[in-house]
$ cat protein_13.txt   # compact mmCIF, C-alpha atoms
# COMPACT_ATOMS: atom_id res chain seq x y z
CA MET A 1 24.58 10.32 -4.32
CA GLU A 2 22.06 12.42 -6.23
CA LEU A 3 18.50 12.35 -4.90
CA ARG A 4 15.24 12.49 -6.82
CA ARG A 5 11.70 12.96 -5.62
CA ILE A 6 9.03 10.28 -5.76
CA GLY A 7 5.93 11.88 -4.37
CA ALA A 8 6.83 13.19 -0.93
CA ALA A 9 9.79 10.83 -0.53
CA THR A 10 13.34 10.82 -1.84
CA LEU A 11 15.08 8.01 -3.65
CA GLU A 12 18.73 7.90 -4.64
CA VAL A 13 19.62 8.07 -8.32
CA GLY A 14 22.13 5.44 -9.41
CA ALA A 15 21.43 3.11 -6.50
CA VAL A 16 20.28 -0.51 -6.53
CA GLY A 17 17.22 -1.56 -4.55
CA LEU A 18 16.53 -4.84 -2.77
CA GLY A 19 13.63 -7.09 -3.74
CA CYS A 20 12.65 -9.02 -0.61
CA MET A 21 10.24 -11.46 -2.30
CA PRO A 22 12.65 -14.46 -2.50
CA MET A 23 12.97 -14.39 1.28
CA SER A 24 9.37 -15.60 1.62
CA TRP A 25 7.87 -16.41 -1.77
CA ALA A 26 8.27 -18.02 -5.21
CA TYR A 27 11.66 -19.67 -4.68
CA SER A 28 12.56 -22.91 -2.88
CA ALA A 29 11.21 -22.86 0.67
CA SER A 30 13.88 -25.32 1.80
CA LYS A 31 16.56 -22.72 1.11
CA ARG A 32 14.97 -19.92 3.10
CA SER A 33 16.32 -18.71 6.40
CA GLY A 34 14.74 -15.92 8.38
CA GLU A 35 17.99 -14.99 10.11
CA GLU A 36 19.94 -15.00 6.84
CA SER A 37 17.27 -12.83 5.26
CA LEU A 38 17.48 -10.35 8.14
CA ARG A 39 21.23 -10.18 7.64
CA ALA A 40 20.73 -9.63 3.90
CA VAL A 41 18.42 -6.64 4.45
CA ARG A 42 20.70 -5.06 7.04
CA ALA A 43 23.82 -5.63 4.93
CA ALA A 44 22.10 -4.04 1.93
CA LEU A 45 21.33 -0.95 4.01
CA ASP A 46 24.92 -0.87 5.24
CA HIS A 47 26.16 -0.85 1.62
CA GLY A 48 24.07 2.03 0.33
CA VAL A 49 20.79 0.34 -0.64
CA THR A 50 17.80 2.44 0.37
CA LEU A 51 14.82 0.97 -1.49
CA LEU A 52 13.29 -2.17 0.02
CA ASP A 53 10.48 -3.71 -2.03
CA THR A 54 7.96 -6.12 -0.56
CA ALA A 55 4.22 -6.94 -0.80
CA ASP A 56 1.48 -8.21 1.47
CA MET A 57 1.00 -11.32 -0.70
CA TYR A 58 4.60 -12.51 -0.30
CA GLY A 59 4.29 -15.32 2.20
CA PRO A 60 1.54 -14.20 2.36
CA PHE A 61 2.24 -11.52 4.98
CA THR A 62 5.48 -13.02 6.31
CA ASN A 63 7.69 -10.93 4.03
CA GLU A 64 6.35 -7.67 5.43
CA LEU A 65 6.82 -9.02 8.96
CA LEU A 66 10.44 -9.85 8.14
CA VAL A 67 11.12 -6.42 6.64
CA GLY A 68 9.52 -4.78 9.66
CA ARG A 69 11.88 -6.71 11.95
CA ALA A 70 14.90 -5.81 9.82
CA LEU A 71 14.05 -2.10 9.98
CA ARG A 72 13.80 -1.82 13.74
CA GLY A 73 15.89 1.19 14.63
CA ARG A 74 16.72 1.83 10.96
CA ARG A 75 13.46 2.98 9.42
CA GLU A 76 14.95 6.36 8.49
CA ASN A 77 17.56 4.60 6.32
CA ALA A 78 15.02 2.95 4.03
CA PHE A 79 12.71 3.93 1.20
CA LEU A 80 9.94 1.42 1.95
CA SER A 81 7.79 0.05 -0.85
CA THR A 82 4.99 -2.47 -0.53
CA LYS A 83 1.96 -3.52 -2.57
CA CYS A 84 -1.71 -4.42 -2.31
CA GLY A 85 -4.28 -5.82 -4.71
CA LEU A 86 -3.53 -9.55 -4.86
CA LEU A 87 -4.93 -12.26 -2.63
CA VAL A 88 -3.36 -15.71 -2.37
CA GLY A 89 -5.73 -18.66 -2.91
CA GLU A 90 -5.09 -22.39 -2.78
CA GLN A 91 -3.52 -22.68 -6.23
CA HIS A 92 -4.12 -19.25 -7.68
CA LEU A 93 -3.97 -15.50 -7.15
CA VAL A 94 -7.02 -13.25 -7.15
CA ALA A 95 -6.98 -9.50 -7.77
CA ASN A 96 -8.89 -7.38 -5.28
CA GLY A 97 -9.26 -3.67 -5.95
CA ARG A 98 -12.28 -2.91 -3.80
CA PRO A 99 -11.76 0.38 -1.95
CA GLU A 100 -12.68 -1.10 1.43
CA TYR A 101 -10.10 -3.85 0.92
CA VAL A 102 -7.40 -1.35 -0.08
CA ARG A 103 -7.94 0.60 3.15
CA ARG A 104 -7.79 -2.52 5.32
CA ALA A 105 -4.74 -3.84 3.46
CA CYS A 106 -2.81 -0.62 4.00
CA ASP A 107 -3.52 -0.58 7.74
CA ALA A 108 -2.46 -4.23 8.00
CA SER A 109 0.77 -3.55 6.08
CA LEU A 110 1.60 -0.62 8.35
CA ARG A 111 1.24 -2.89 11.39
CA ARG A 112 3.38 -5.66 9.93
CA LEU A 113 6.06 -3.25 8.74
CA GLN A 114 6.06 -1.50 12.14
CA THR A 115 5.90 1.95 10.58
CA ASP A 116 3.46 4.83 10.46
CA VAL A 117 3.98 5.62 6.78
CA ILE A 118 4.75 3.71 3.57
CA ASP A 119 6.99 5.59 1.13
CA LEU A 120 5.61 3.92 -2.00
CA TYR A 121 2.34 1.98 -2.07
CA GLN A 122 1.88 0.01 -5.28
CA LEU A 123 -1.14 -1.58 -6.90
CA HIS A 124 -0.02 -5.13 -7.61
CA ARG A 125 -2.72 -5.92 -10.15
CA VAL A 126 -5.83 -4.24 -11.54
CA ASP A 127 -9.07 -5.92 -10.47
CA PRO A 128 -11.16 -6.53 -13.63
CA GLU A 129 -14.32 -6.41 -11.50
CA VAL A 130 -13.63 -2.96 -10.05
CA PRO A 131 -13.15 0.29 -12.02
CA LEU A 132 -9.52 1.32 -11.71
CA ALA A 133 -10.58 4.86 -10.84
CA GLU A 134 -12.25 3.53 -7.68
CA THR A 135 -9.23 1.52 -6.60
CA TRP A 136 -6.81 4.34 -7.33
CA GLY A 137 -9.09 6.83 -5.65
CA ALA A 138 -9.02 4.77 -2.46
CA MET A 139 -5.23 4.60 -2.66
CA SER A 140 -5.03 8.38 -3.10
CA GLU A 141 -7.05 8.80 0.09
CA LEU A 142 -4.25 6.99 1.92
CA VAL A 143 -1.84 9.70 0.76
CA THR A 144 -4.20 12.41 2.00
CA ALA A 145 -4.46 10.58 5.33
CA GLY A 146 -0.67 10.56 5.68
CA LYS A 147 -0.39 6.77 5.64
CA VAL A 148 1.32 6.68 2.25
CA ARG A 149 3.72 9.14 0.61
CA ALA A 150 3.44 8.13 -3.06
CA LEU A 151 1.58 5.68 -5.30
CA GLY A 152 3.03 3.17 -7.73
CA PHE A 153 1.68 0.83 -10.36
CA CYS A 154 2.89 -2.68 -11.18
CA ALA A 155 2.88 -3.48 -14.87
CA VAL A 156 1.53 -6.87 -15.85
CA GLY A 157 4.41 -9.20 -16.72
CA VAL A 158 5.22 -9.58 -20.39
CA ARG A 159 6.05 -13.27 -20.36
CA GLY A 160 2.52 -14.32 -21.10
CA ASP A 161 2.71 -12.32 -24.34
CA ARG A 162 5.78 -14.10 -25.70
CA ARG A 163 4.04 -16.99 -27.40
CA GLY A 164 3.87 -14.91 -30.54
CA GLY A 165 7.61 -15.44 -31.03
CA ALA A 166 9.04 -13.10 -33.63
CA ASN A 167 5.55 -11.85 -34.46
CA ARG A 168 4.62 -10.81 -30.98
CA GLY A 169 3.42 -7.22 -30.67
CA ALA A 170 5.95 -4.45 -30.45
CA ASP A 171 4.22 -3.07 -27.36
CA VAL A 172 3.48 -5.69 -24.74
CA HIS A 173 2.68 -2.91 -22.27
CA SER A 174 -0.27 -1.41 -24.12
CA ASP A 175 -2.76 -2.43 -21.42
CA THR A 176 -0.49 -1.05 -18.72
CA LEU A 177 -0.14 2.27 -20.55
CA SER A 178 -3.91 2.51 -20.85
CA ASN A 179 -4.32 1.85 -17.13
CA LEU A 180 -1.62 4.35 -16.27
CA SER A 181 -3.39 7.05 -18.27
CA CYS A 182 -6.60 6.29 -16.39
CA ALA A 183 -4.86 6.36 -13.00
CA GLN A 184 -3.11 9.66 -13.78
CA GLN A 185 -6.49 11.35 -14.18
CA VAL A 186 -7.32 10.45 -10.57
CA PHE A 187 -3.99 10.90 -8.77
CA PRO A 188 -0.36 11.11 -9.91
CA VAL A 189 1.50 7.87 -10.55
CA SER A 190 4.94 8.31 -8.99
CA CYS A 191 6.50 4.99 -10.00
CA VAL A 192 5.92 2.01 -12.27
CA GLN A 193 7.36 -1.42 -11.56
CA ALA A 194 8.00 -3.65 -14.56
CA GLU A 195 10.33 -6.43 -15.63
CA LEU A 196 13.47 -5.04 -17.24
CA SER A 197 16.72 -6.86 -17.85
CA VAL A 198 19.25 -7.73 -20.53
CA TRP A 199 17.11 -10.70 -21.56
CA SER A 200 13.75 -8.93 -21.08
CA PRO A 201 14.16 -5.39 -22.46
CA GLU A 202 10.56 -4.87 -23.60
CA ALA A 203 9.96 -2.01 -21.16
CA LEU A 204 12.39 0.11 -23.17
CA ASP A 205 10.01 0.26 -26.13
CA THR A 206 7.18 2.42 -24.77
CA LEU A 207 6.89 2.03 -20.99
CA LEU A 208 10.19 3.67 -20.05
CA PRO A 209 9.67 6.56 -22.51
CA TRP A 210 6.21 7.11 -20.97
CA CYS A 211 7.80 7.29 -17.51
CA ALA A 212 10.68 9.51 -18.61
CA ALA A 213 8.36 12.01 -20.28
CA ARG A 214 6.39 12.43 -17.05
CA GLY A 215 9.13 12.27 -14.45
CA VAL A 216 7.83 8.92 -13.23
CA GLY A 217 10.27 6.45 -11.73
CA LEU A 218 10.64 2.92 -13.04
CA LEU A 219 11.49 0.06 -10.69
CA ALA A 220 13.13 -2.66 -12.77
CA ALA A 221 11.85 -6.01 -11.50
CA MET A 222 13.80 -9.22 -12.16
CA PRO A 223 16.87 -7.35 -13.47
CA LEU A 224 18.95 -10.52 -13.09
CA GLY A 225 16.52 -12.70 -15.04
CA ASN A 226 15.46 -14.75 -12.01
CA GLY A 227 19.11 -15.53 -11.37
CA PHE A 228 20.05 -16.68 -14.86
CA LEU A 229 22.08 -13.56 -15.70
CA THR A 230 24.29 -14.10 -12.66
CA GLY A 231 25.92 -17.05 -14.41
CA THR A 232 25.62 -19.17 -11.27
CA LEU A 233 22.92 -21.51 -12.64
CA ARG A 234 23.76 -24.56 -14.71
CA PRO A 235 21.55 -26.15 -17.40
CA GLY A 236 20.06 -29.41 -16.20
CA GLU A 237 20.55 -28.78 -12.48
CA GLY A 238 16.81 -28.53 -12.03
CA PHE A 239 14.75 -26.72 -9.40
CA GLU A 240 12.62 -27.79 -6.48
CA ARG A 241 8.93 -28.14 -7.28
CA ASP A 242 7.91 -25.04 -5.32
CA ASP A 243 10.44 -22.87 -7.18
CA VAL A 244 8.76 -20.68 -9.81
CA ARG A 245 11.61 -21.43 -12.23
CA ALA A 246 10.60 -25.10 -12.34
CA ARG A 247 7.64 -23.99 -14.52
CA HIS A 248 9.33 -21.14 -16.35
CA PRO A 249 9.84 -21.64 -20.12
CA ARG A 250 13.34 -20.17 -20.03
CA PHE A 251 14.54 -22.53 -17.32
CA THR A 252 14.21 -25.82 -19.11
CA ALA A 253 17.61 -27.44 -19.59
CA GLU A 254 17.33 -26.87 -23.34
CA MET A 255 16.58 -23.15 -23.08
CA MET A 256 19.17 -22.52 -20.39
CA ALA A 257 21.77 -24.05 -22.68
CA ALA A 258 20.48 -22.07 -25.67
CA ASN A 259 20.69 -18.79 -23.74
CA GLN A 260 24.22 -19.31 -22.42
CA PRO A 261 25.71 -16.90 -25.02
CA ILE A 262 24.02 -14.06 -23.12
CA VAL A 263 25.81 -15.02 -19.90
CA VAL A 264 29.08 -15.51 -21.77
CA GLY A 265 28.79 -11.98 -23.15
CA LEU A 266 28.13 -10.51 -19.71
CA ARG A 267 31.08 -12.41 -18.26
CA ARG A 268 33.38 -11.10 -20.98
CA ILE A 269 32.50 -7.52 -20.06
CA ALA A 270 32.70 -8.32 -16.34
CA GLU A 271 36.26 -9.58 -16.73
CA ARG A 272 37.33 -6.28 -18.27
CA HIS A 273 35.94 -4.39 -15.27
CA GLY A 274 36.98 -6.86 -12.60
CA VAL A 275 33.38 -7.39 -11.48
CA THR A 276 30.72 -10.10 -11.84
CA ALA A 277 28.24 -10.85 -14.61
CA ALA A 278 25.43 -9.96 -12.20
CA GLN A 279 26.92 -6.54 -11.56
CA VAL A 280 27.23 -5.90 -15.29
CA ALA A 281 23.58 -6.89 -15.78
CA LEU A 282 22.52 -4.46 -13.06
CA ALA A 283 24.79 -1.71 -14.38
CA TRP A 284 23.10 -2.11 -17.77
CA VAL A 285 19.71 -1.49 -16.14
CA LEU A 286 21.05 1.58 -14.34
CA ALA A 287 22.41 2.88 -17.65
CA GLN A 288 18.89 3.02 -19.13
CA GLY A 289 18.04 6.28 -17.37
CA VAL A 290 18.29 8.22 -14.13
CA GLN A 291 14.70 7.33 -13.27
CA VAL A 292 15.41 3.57 -13.40
CA VAL A 293 16.14 1.66 -10.19
CA PRO A 294 16.90 -2.08 -10.50
CA VAL A 295 15.36 -4.16 -7.73
CA PRO A 296 17.15 -7.52 -7.71
CA GLY A 297 15.72 -10.08 -5.34
CA THR A 298 17.83 -12.16 -3.01
CA LYS A 299 17.72 -13.85 0.36
CA ARG A 300 21.49 -14.08 0.85
CA GLU A 301 23.71 -11.46 2.48
CA ARG A 302 26.55 -12.19 0.04
CA TRP A 303 24.44 -11.44 -3.03
CA ALA A 304 22.80 -8.38 -1.45
CA VAL A 305 26.23 -6.85 -0.91
CA GLN A 306 27.41 -7.80 -4.40
CA ASN A 307 24.30 -6.34 -6.00
CA ALA A 308 24.72 -3.08 -4.13
CA GLY A 309 28.20 -2.79 -5.60
CA ALA A 310 26.77 -2.62 -9.11
CA ALA A 311 26.02 1.06 -8.49
CA ASP A 312 29.76 1.71 -8.83
CA VAL A 313 30.14 -0.06 -12.20
CA ARG A 314 30.32 2.30 -15.16
CA LEU A 315 29.74 0.63 -18.51
CA THR A 316 31.44 2.12 -21.55
CA ALA A 317 29.92 2.71 -24.97
CA ARG A 318 31.76 -0.43 -26.10
CA ASP A 319 30.22 -2.44 -23.27
CA LEU A 320 26.71 -1.24 -24.08
CA ALA A 321 27.19 -1.98 -27.77
CA GLU A 322 28.32 -5.53 -26.97
CA ILE A 323 25.26 -6.08 -24.78
CA ALA A 324 22.99 -4.72 -27.50
CA ALA A 325 24.52 -7.22 -29.94
CA LEU A 326 23.85 -10.24 -27.71
CA PRO A 327 21.30 -12.72 -29.10
CA ARG A 328 17.67 -12.33 -28.11
CA ALA A 329 16.69 -14.59 -25.22
CA ARG A 330 14.73 -17.64 -26.27
CA ASP A 331 11.75 -19.31 -24.62
CA SER A 332 10.80 -22.96 -24.90
CA TRP A 333 8.10 -22.09 -27.46
CA ASP A 334 10.35 -19.96 -29.69

$ encode --input "protein_13.txt" --output "structure tokens"
Amino acid sequence: MELRRIGAATLEVGAVGLGCMPMSWAYSASKRSGEESLRAVRAALDHGVTLLDTADMYGPFTNELLVGRALRGRRENAFLSTKCGLLVGEQHLVANGRPEYVRRACDASLRRLQTDVIDLYQLHRVDPEVPLAETWGAMSELVTAGKVRALGFCAVGVRGDRRGGANRGADVHSDTLSNLSCAQQVFPVSCVQAELSVWSPEALDTLLPWCAARGVGLLAAMPLGNGFLTGTLRPGEGFERDDVRARHPRFTAEMMAANQPIVVGLRRIAERHGVTAAQVALAWVLAQGVQVVPVPGTKRERWAVQNAGAADVRLTARDLAEIAALPRARDSWD
């Protein structure tokens, strides 16, 4: 497997990462199992996954504790990524970019993760009350101190910009690009994390070209469309109230039915290769560039192993053309 540099750390090209968030956050709590999650992380490592992505807000805090447990005796096998900058309130999230908070958050993450260094430390959100240069400057000090190897930036999700329908702006990442330019003047950005999938390809417009031109990695969040692109979800099944998809405009019964042609297209290609629709969706993300690493989230060992196998799927020009011709994903307000 080819290796590339991200700051002072190495990350495999052509590999699939593991998003640990669903193990502790955003999806149905009744379906979580700490022991199953531990098995999922360890199985992913056994099958060639190196990047593990977590954050202090997932849980909050419990996700980092879980990852720390999973990495006992295996820290050298993992490229460890976590995030700071978001605090969990009663019914809301609050950005916090104060330098003193960033320093405390990093030390706390190191303790929970049971490690002396974080490979990639990402800013989850920009605090509108704190100049970005101050937040990023504090994060750069962590690199100098040897607590962090490289810095990453999480792009604000594009879903809130979709209400414009066909007239929505061509560049939903304009604010992110502006922030990235500001951060680069303080300390190098090694990686950007943004949503990228067959049904959410907006990052291809300007964000990925920005990264490619500067040798910056791109972590593709939600590459399986919150599970929809796996083809395992059925319209009308519904979700538990604490599942983020229960409030997502693409997961109404009507929109899930309307977007089925996308899954059908992925399945058609999967049948030709003898793989799954999920693996085709991940292979499509990998095909977007050597600097792109898909980070599918799961809490199940079975899916972690299956996702890792997507690194071996090679899509043909015909496959990619068929995916490009699939209908645009619809939201409930389209």

$ residues_near_point --input "protein_13.txt" --point "(30.4, 8.7, -15.8)" --cutoff "12 Å" --atoms "all atoms listed in the file" --output "PyMOL selection string"
chain A and resi 14+283+286-287+311-317

$ closest_residue --input "protein_13.txt" --among "A:His273, A:Arg247, A:Arg112, A:Arg318" --to "A:Arg72" --atoms "all atoms listed in the file"
A:Arg112

$ atom_distance --input "protein_13.txt" --atom1 "atom CA of A:His92" --atom2 "atom CA of A:Ala29"
17.8 Å

$ atom_distance --input "protein_13.txt" --atom1 "atom CA of A:Ala150" --atom2 "atom CA of A:Leu120"
4.9 Å

$ residues_around --input "protein_13.txt" --residues "A:Val16" --least-positions-apart "4" --cutoff "7 Å" --atoms "all atoms listed in the file" --output "number ranges by chain"
A: 49, 293-295, 308, 311
